[in-house]
Amino acid sequence: MNVALASLSAEPGQANEDFAAAAFGAAVLLDGAGVAGADTGCTHGIAWFSATLGGLLLSAVTAHPARPLADCLADSIRAVRSLHEDSCDLSYRASPTSTVVAVRAGAEALEYLVLGDSTLLLADEEGKATAITDQRLDEVGKRLRGPVDELLTGSPEHAAALARYRDALTGLRNRPGGFWIAGPDAQAAEHALTGVVPLESLTSVTLLSDGATRLVDSFGIATWEGTLSVLSSSGPDELIRSVREAEAGDPDGRRWPRGKAQDDATVLHWVVSE
């Protein structure tokens, strides 16, 4: 199993709230989230939540190969809840949450699960790239983030608008008409996107947090095929370096309005066949 992994926090010295790991025939990636500037109600924090959920999920996925990925995720959410529900307020609106991407290879097929706005990128033998992303958060966000995008990233006014936007998003989390993400409630796993792809049709499987996909889905200056080309030739570190270079060229968000000038960025690239 040939896996390359790179992860970089948004700012030096800042906690990285992404988590990614692989075991033989399986991989997971999670992107932790809270509400900017708000107390999470959790004494452990967002990075702890995503890493703990990710570790338990990878264990469940590999230990129970016949169990559906959504059930593995639900089991893992319940396990994390049991670890801190006596010490943390899990009913708090800003309680830690996380996107989830998980894959597991069987003898003939690759199972996948995607929940939240991280991305699974599949490459086939003809060089075609297929991106699987849960669009529900983006669809809800587009209705709410107009006032944020009108302001310069990093300005006090932008920070205040961003806090209001994220608070509004939290009110739509894990409910019909809103979006679904891993948090205290295992029911969210039922709403994940899942599927199966013939393993023999794939050359690579890549898991990316949204901080690593900005060149394509936020900035529009690259394609998924171009992303695969960079990963194949230079690896995940080069892809993240390219993202940081683009972000540095637009620090105020004038060209590409966004919530954060930089975000945690994580890439796990699994070469299925040479």
# chains A, B, ... in the order shown; residues from 1 in each chain; ligands from 1
$ residues_around --residues "Ala192 (chain A)" --least-positions-apart "5" --cutoff "7 Å" --atoms "only C-alpha atoms" --output "list in words"
Ala70, Leu113, Val114 and Leu115 of chain A
$ write_last_selection --atoms "all heavy atoms" --output "PDB file, in the first residue's frame"
ATOM      1  N   ALA A  70     -20.992   3.641   7.255  1.00  0.00           N
ATOM      2  CA  ALA A  70     -21.856   4.545   8.021  1.00  0.00           C
ATOM      3  C   ALA A  70     -22.085   4.011   9.430  1.00  0.00           C
ATOM      4  O   ALA A  70     -22.134   4.783  10.405  1.00  0.00           O
ATOM      5  CB  ALA A  70     -23.189   4.742   7.300  1.00  0.00           C
ATOM      6  N   LEU A 113     -17.178   6.781   2.104  1.00  0.00           N
ATOM      7  CA  LEU A 113     -18.136   7.574   2.874  1.00  0.00           C
ATOM      8  C   LEU A 113     -17.614   9.005   2.907  1.00  0.00           C
ATOM      9  O   LEU A 113     -16.428   9.234   3.162  1.00  0.00           O
ATOM     10  CB  LEU A 113     -18.277   7.029   4.295  1.00  0.00           C
ATOM     11  CG  LEU A 113     -19.158   7.822   5.274  1.00  0.00           C
ATOM     12  CD1 LEU A 113     -19.842   6.864   6.262  1.00  0.00           C
ATOM     13  CD2 LEU A 113     -18.360   8.879   6.046  1.00  0.00           C
ATOM     14  N   VAL A 114     -18.495   9.966   2.647  1.00  0.00           N
ATOM     15  CA  VAL A 114     -18.144  11.379   2.702  1.00  0.00           C
ATOM     16  C   VAL A 114     -19.244  12.115   3.460  1.00  0.00           C
ATOM     17  O   VAL A 114     -20.426  12.008   3.129  1.00  0.00           O
ATOM     18  CB  VAL A 114     -17.994  11.988   1.287  1.00  0.00           C
ATOM     19  CG1 VAL A 114     -17.674  13.480   1.386  1.00  0.00           C
ATOM     20  CG2 VAL A 114     -16.918  11.265   0.487  1.00  0.00           C
ATOM     21  N   LEU A 115     -18.848  12.867   4.480  1.00  0.00           N
ATOM     22  CA  LEU A 115     -19.786  13.659   5.271  1.00  0.00           C
ATOM     23  C   LEU A 115     -19.151  15.024   5.516  1.00  0.00           C
ATOM     24  O   LEU A 115     -18.081  15.119   6.121  1.00  0.00           O
ATOM     25  CB  LEU A 115     -20.088  12.972   6.603  1.00  0.00           C
ATOM     26  CG  LEU A 115     -21.086  13.667   7.531  1.00  0.00           C
ATOM     27  CD1 LEU A 115     -22.488  13.680   6.911  1.00  0.00           C
ATOM     28  CD2 LEU A 115     -21.129  12.990   8.900  1.00  0.00           C
TER      29      LEU A 115
END
$ select_by_dssp --residues "region 83-144 of chain A" --states "helix (DSSP H, G or I)" --output "list of chain:residue names"
A:Leu83, A:His84, A:Arg136, A:Leu137, A:Asp138, A:Glu139, A:Val140, A:Gly141, A:Lys142, A:Arg143, A:Leu144
$ write_last_selection --atoms "C-alpha atoms" --output "PDB file, in the first residue's frame"
ATOM      1  CA  LEU A  83     -15.301   9.580  26.435  1.00  0.00           C
ATOM      2  CA  HIS A  84     -16.285  13.145  27.270  1.00  0.00           C
ATOM      3  CA  ARG A 136     -24.942  20.575   1.483  1.00  0.00           C
ATOM      4  CA  LEU A 137     -22.785  22.817   3.684  1.00  0.00           C
ATOM      5  CA  ASP A 138     -21.746  24.915   0.666  1.00  0.00           C
ATOM      6  CA  GLU A 139     -25.347  25.212  -0.513  1.00  0.00           C
ATOM      7  CA  VAL A 140     -26.475  26.461   2.886  1.00  0.00           C
ATOM      8  CA  GLY A 141     -23.444  28.728   3.170  1.00  0.00           C
ATOM      9  CA  LYS A 142     -24.106  30.474  -0.139  1.00  0.00           C
ATOM     10  CA  ARG A 143     -27.432  31.675   1.213  1.00  0.00           C
ATOM     11  CA  LEU A 144     -25.830  33.226   4.265  1.00  0.00           C
TER      12      LEU A 144
END
$ residues_around --residues "Ala168 (chain A)" --least-positions-apart "2" --cutoff "12 Å" --atoms "only C-alpha atoms" --output "list in words"
Val35, Ala36, Arg93, Ala94, Val140, Gly141, Arg143, Leu144, Arg145, Ala161, Leu162, Ala163, Arg164, Tyr165, Arg166, Thr170, Gly171, Leu172, Arg173 and Gly178 of chain A
$ write_last_selection --atoms "N, CA, C and O atoms" --output "compact mmCIF listing (two decimals), in the first residue's frame"
# COMPACT_ATOMS: atom_id res chain seq x y z
N VAL A 35 -17.11 27.10 16.17
CA VAL A 35 -17.63 28.41 15.81
C VAL A 35 -16.58 29.43 16.20
O VAL A 35 -16.14 29.47 17.34
N ALA A 36 -16.14 30.23 15.24
CA ALA A 36 -15.02 31.15 15.45
C ALA A 36 -15.23 32.02 16.68
O ALA A 36 -16.26 32.69 16.83
N ARG A 93 -24.21 24.69 21.53
CA ARG A 93 -24.37 24.89 20.08
C ARG A 93 -23.05 24.83 19.33
O ARG A 93 -23.00 24.45 18.17
N ALA A 94 -21.96 25.23 19.98
CA ALA A 94 -20.66 25.26 19.31
C ALA A 94 -19.80 24.04 19.66
O ALA A 94 -18.59 24.07 19.48
N VAL A 140 -25.93 25.65 1.80
CA VAL A 140 -26.47 26.46 2.89
C VAL A 140 -25.65 27.73 3.06
O VAL A 140 -26.20 28.83 3.23
N GLY A 141 -24.32 27.59 2.98
CA GLY A 141 -23.44 28.73 3.17
C GLY A 141 -23.65 29.83 2.15
O GLY A 141 -23.57 31.02 2.48
N ARG A 143 -26.27 30.87 0.88
CA ARG A 143 -27.43 31.68 1.21
C ARG A 143 -27.15 32.68 2.33
O ARG A 143 -27.90 33.64 2.51
N LEU A 144 -26.06 32.45 3.05
CA LEU A 144 -25.83 33.23 4.27
C LEU A 144 -24.59 34.11 4.25
O LEU A 144 -24.50 35.06 5.02
N ARG A 145 -23.62 33.80 3.36
CA ARG A 145 -22.32 34.42 3.53
C ARG A 145 -22.08 35.68 2.71
O ARG A 145 -20.96 36.21 2.70
N ALA A 161 -18.57 39.70 11.03
CA ALA A 161 -19.53 39.13 10.08
C ALA A 161 -19.36 37.62 10.00
O ALA A 161 -20.35 36.87 9.89
N LEU A 162 -18.11 37.16 10.05
CA LEU A 162 -17.84 35.72 9.99
C LEU A 162 -18.40 35.02 11.21
O LEU A 162 -18.96 33.92 11.10
N ALA A 163 -18.27 35.64 12.38
CA ALA A 163 -18.82 35.04 13.60
C ALA A 163 -20.34 34.92 13.50
O ALA A 163 -20.92 33.89 13.90
N ARG A 164 -20.99 35.95 12.96
CA ARG A 164 -22.45 35.88 12.80
C ARG A 164 -22.85 34.81 11.80
O ARG A 164 -23.83 34.08 12.00
N TYR A 165 -22.08 34.72 10.72
CA TYR A 165 -22.34 33.70 9.69
C TYR A 165 -22.21 32.29 10.28
O TYR A 165 -23.09 31.44 10.06
N ARG A 166 -21.14 32.04 11.00
CA ARG A 166 -20.93 30.71 11.56
C ARG A 166 -21.96 30.37 12.63
O ARG A 166 -22.35 29.22 12.78
N THR A 170 -24.48 27.18 12.49
CA THR A 170 -24.63 26.23 13.58
C THR A 170 -26.10 25.92 13.82
O THR A 170 -26.46 24.79 14.17
N GLY A 171 -26.97 26.91 13.62
CA GLY A 171 -28.39 26.68 13.80
C GLY A 171 -28.99 25.75 12.76
O GLY A 171 -30.11 25.25 12.95
N LEU A 172 -28.28 25.51 11.66
CA LEU A 172 -28.76 24.63 10.60
C LEU A 172 -28.02 23.29 10.57
O LEU A 172 -28.24 22.48 9.68
N ARG A 173 -27.17 23.08 11.55
CA ARG A 173 -26.34 21.88 11.59
C ARG A 173 -27.17 20.66 12.00
O ARG A 173 -27.92 20.69 12.96
N GLY A 178 -30.75 21.71 6.28
CA GLY A 178 -29.45 22.28 6.61
C GLY A 178 -28.35 21.40 6.07
O GLY A 178 -28.35 21.04 4.90
$ residues_around --residues "Val267 (chain A)" --least-positions-apart "2" --cutoff "12 Å" --atoms "only C-alpha atoms" --output "NGL selection string"
:A and (3-8 or 18-22 or 27-31 or 101 or 118-121 or 205-213 or 227-228 or 230-231 or 235-241 or 243 or 264-265 or 269-270)
$ write_last_selection --atoms "N, CA and C atoms" --output "tab-separated table (two decimals), in the first residue's frame"
chain	number	residue	atom	x	y	z
A	3	VAL	N	1.16	5.05	0.28
A	3	VAL	CA	0.42	6.21	0.76
A	3	VAL	C	1.38	7.35	1.06
A	4	ALA	N	1.04	8.55	0.57
A	4	ALA	CA	1.79	9.76	0.91
A	4	ALA	C	0.83	10.71	1.63
A	5	LEU	N	1.29	11.29	2.72
A	5	LEU	CA	0.43	12.13	3.56
A	5	LEU	C	1.16	13.42	3.92
A	6	ALA	N	0.46	14.54	3.78
A	6	ALA	CA	1.00	15.83	4.20
A	6	ALA	C	-0.11	16.63	4.86
A	7	SER	N	0.25	17.37	5.91
A	7	SER	CA	-0.72	18.20	6.60
A	7	SER	C	-0.02	19.43	7.16
A	8	LEU	N	-0.66	20.58	7.04
A	8	LEU	CA	-0.06	21.83	7.49
A	8	LEU	C	-1.14	22.68	8.16
A	18	ASP	N	-7.18	19.27	11.49
A	18	ASP	CA	-7.34	18.16	10.55
A	18	ASP	C	-6.72	16.90	11.15
A	19	PHE	N	-7.19	15.75	10.68
A	19	PHE	CA	-6.60	14.47	11.06
A	19	PHE	C	-6.70	13.53	9.87
A	20	ALA	N	-5.65	12.79	9.59
A	20	ALA	CA	-5.68	11.78	8.53
A	20	ALA	C	-4.78	10.62	8.93
A	21	ALA	N	-5.18	9.43	8.55
A	21	ALA	CA	-4.39	8.24	8.86
A	21	ALA	C	-4.80	7.11	7.93
A	22	ALA	N	-3.90	6.14	7.79
A	22	ALA	CA	-4.18	4.99	6.92
A	22	ALA	C	-3.73	3.72	7.61
A	27	ALA	N	-8.37	4.18	4.83
A	27	ALA	CA	-7.86	5.50	5.17
A	27	ALA	C	-9.02	6.38	5.61
A	28	VAL	N	-8.70	7.36	6.46
A	28	VAL	CA	-9.70	8.33	6.92
A	28	VAL	C	-9.08	9.72	6.92
A	29	LEU	N	-9.93	10.72	6.73
A	29	LEU	CA	-9.53	12.12	6.87
A	29	LEU	C	-10.69	12.88	7.50
A	30	LEU	N	-10.36	13.69	8.49
A	30	LEU	CA	-11.37	14.50	9.18
A	30	LEU	C	-10.87	15.93	9.29
A	31	ASP	N	-11.80	16.88	9.20
A	31	ASP	CA	-11.50	18.31	9.32
A	31	ASP	C	-12.38	18.86	10.43
A	101	VAL	N	-14.12	11.74	5.75
A	101	VAL	CA	-13.97	10.95	4.53
A	101	VAL	C	-13.34	9.63	4.96
A	118	SER	N	-15.19	18.01	3.06
A	118	SER	CA	-13.92	17.46	2.59
A	118	SER	C	-14.19	16.66	1.32
A	119	THR	N	-13.13	16.28	0.60
A	119	THR	CA	-13.30	15.72	-0.74
A	119	THR	C	-12.58	14.38	-0.89
A	120	LEU	N	-13.24	13.47	-1.59
A	120	LEU	CA	-12.63	12.22	-2.03
A	120	LEU	C	-12.41	12.32	-3.53
A	121	LEU	N	-11.16	12.16	-3.97
A	121	LEU	CA	-10.81	12.29	-5.38
A	121	LEU	C	-10.35	10.94	-5.90
A	205	VAL	N	-6.48	7.00	-4.98
A	205	VAL	CA	-7.56	7.47	-4.13
A	205	VAL	C	-6.97	8.57	-3.25
A	206	THR	N	-7.57	9.75	-3.27
A	206	THR	CA	-7.02	10.87	-2.52
A	206	THR	C	-8.08	11.48	-1.62
A	207	LEU	N	-7.72	11.70	-0.38
A	207	LEU	CA	-8.59	12.33	0.60
A	207	LEU	C	-8.03	13.73	0.90
A	208	LEU	N	-8.88	14.76	0.82
A	208	LEU	CA	-8.41	16.14	0.98
A	208	LEU	C	-9.35	16.94	1.88
A	209	SER	N	-8.79	17.69	2.81
A	209	SER	CA	-9.60	18.65	3.55
A	209	SER	C	-9.84	19.87	2.66
A	210	ASP	N	-10.83	20.71	3.03
A	210	ASP	CA	-11.16	21.82	2.13
A	210	ASP	C	-10.06	22.87	2.08
A	211	GLY	N	-9.15	22.86	3.05
A	211	GLY	CA	-8.01	23.75	2.98
A	211	GLY	C	-7.03	23.37	1.90
A	212	ALA	N	-7.11	22.13	1.42
A	212	ALA	CA	-6.20	21.65	0.38
A	212	ALA	C	-6.84	21.65	-1.00
A	213	THR	N	-8.14	21.93	-1.08
A	213	THR	CA	-8.82	21.91	-2.37
A	213	THR	C	-9.12	23.31	-2.90
A	227	THR	N	-4.75	18.68	-10.26
A	227	THR	CA	-4.42	18.31	-8.89
A	227	THR	C	-3.78	16.92	-8.85
A	228	LEU	N	-4.37	15.99	-9.59
A	228	LEU	CA	-3.82	14.64	-9.64
A	228	LEU	C	-2.42	14.64	-10.27
A	230	VAL	N	-0.18	17.02	-10.10
A	230	VAL	CA	0.77	17.49	-9.08
A	230	VAL	C	1.04	16.38	-8.05
A	231	LEU	N	0.00	15.71	-7.62
A	231	LEU	CA	0.16	14.65	-6.63
A	231	LEU	C	1.01	13.51	-7.18
A	235	GLY	N	3.80	15.03	-5.24
A	235	GLY	CA	3.28	14.64	-3.93
A	235	GLY	C	2.46	15.68	-3.22
A	236	PRO	N	1.87	15.32	-2.08
A	236	PRO	CA	0.98	16.20	-1.33
A	236	PRO	C	1.63	17.49	-0.83
A	237	ASP	N	2.91	17.44	-0.45
A	237	ASP	CA	3.57	18.66	0.04
A	237	ASP	C	3.55	19.76	-1.01
A	238	GLU	N	3.77	19.40	-2.27
A	238	GLU	CA	3.79	20.39	-3.34
A	238	GLU	C	2.40	20.97	-3.57
A	239	LEU	N	1.37	20.15	-3.46
A	239	LEU	CA	0.02	20.66	-3.62
A	239	LEU	C	-0.29	21.70	-2.54
A	240	ILE	N	0.03	21.39	-1.30
A	240	ILE	CA	-0.22	22.33	-0.21
A	240	ILE	C	0.62	23.59	-0.38
A	241	ARG	N	1.86	23.44	-0.85
A	241	ARG	CA	2.70	24.62	-1.09
A	241	ARG	C	2.06	25.53	-2.13
A	243	VAL	N	-1.13	25.82	-2.76
A	243	VAL	CA	-2.28	26.48	-2.12
A	243	VAL	C	-1.80	27.68	-1.31
A	264	ASP	N	-6.19	25.05	7.72
A	264	ASP	CA	-5.49	23.77	7.83
A	264	ASP	C	-5.67	23.02	6.51
A	265	ALA	N	-4.60	22.42	6.01
A	265	ALA	CA	-4.65	21.72	4.72
A	265	ALA	C	-4.04	20.34	4.87
A	269	HIS	N	-2.76	10.73	-0.16
A	269	HIS	CA	-2.77	10.24	-1.54
A	269	HIS	C	-2.36	8.77	-1.55
A	270	TRP	N	-3.27	7.91	-1.96
A	270	TRP	CA	-3.06	6.47	-1.96
A	270	TRP	C	-3.00	5.98	-3.40
$ closest_atom_pairs --of "region 85-146 of chain A" --to "region 39-62 of chain A" --cutoff "10 Å" --atoms "only C-alpha atoms" --output "CSV"
residue,atom,partner,partner_atom,distance
A:Glu85,CA,A:Cys42,CA,9.0
A:Ser87,CA,A:Thr43,CA,7.5
A:Cys88,CA,A:Cys42,CA,4.7
A:Asp89,CA,A:Gly41,CA,5.0
A:Leu90,CA,A:Gly41,CA,6.8
A:Ser91,CA,A:Gly41,CA,8.3
A:Tyr92,CA,A:Gly41,CA,5.9
A:Arg93,CA,A:Thr40,CA,7.8
A:Ala94,CA,A:Thr40,CA,4.9
A:Ser95,CA,A:Thr40,CA,4.6
A:Pro96,CA,A:Ile46,CA,5.3
A:Thr97,CA,A:Ile46,CA,7.3
A:Ser98,CA,A:Ser50,CA,6.0
A:Thr99,CA,A:Ser50,CA,8.5
A:Val100,CA,A:Gly54,CA,8.1
A:Val101,CA,A:Gly54,CA,9.5
A:Ala102,CA,A:Leu58,CA,8.0
A:Val103,CA,A:Val61,CA,8.5
A:Arg104,CA,A:Val61,CA,7.1
A:Ala105,CA,A:Thr62,CA,9.8
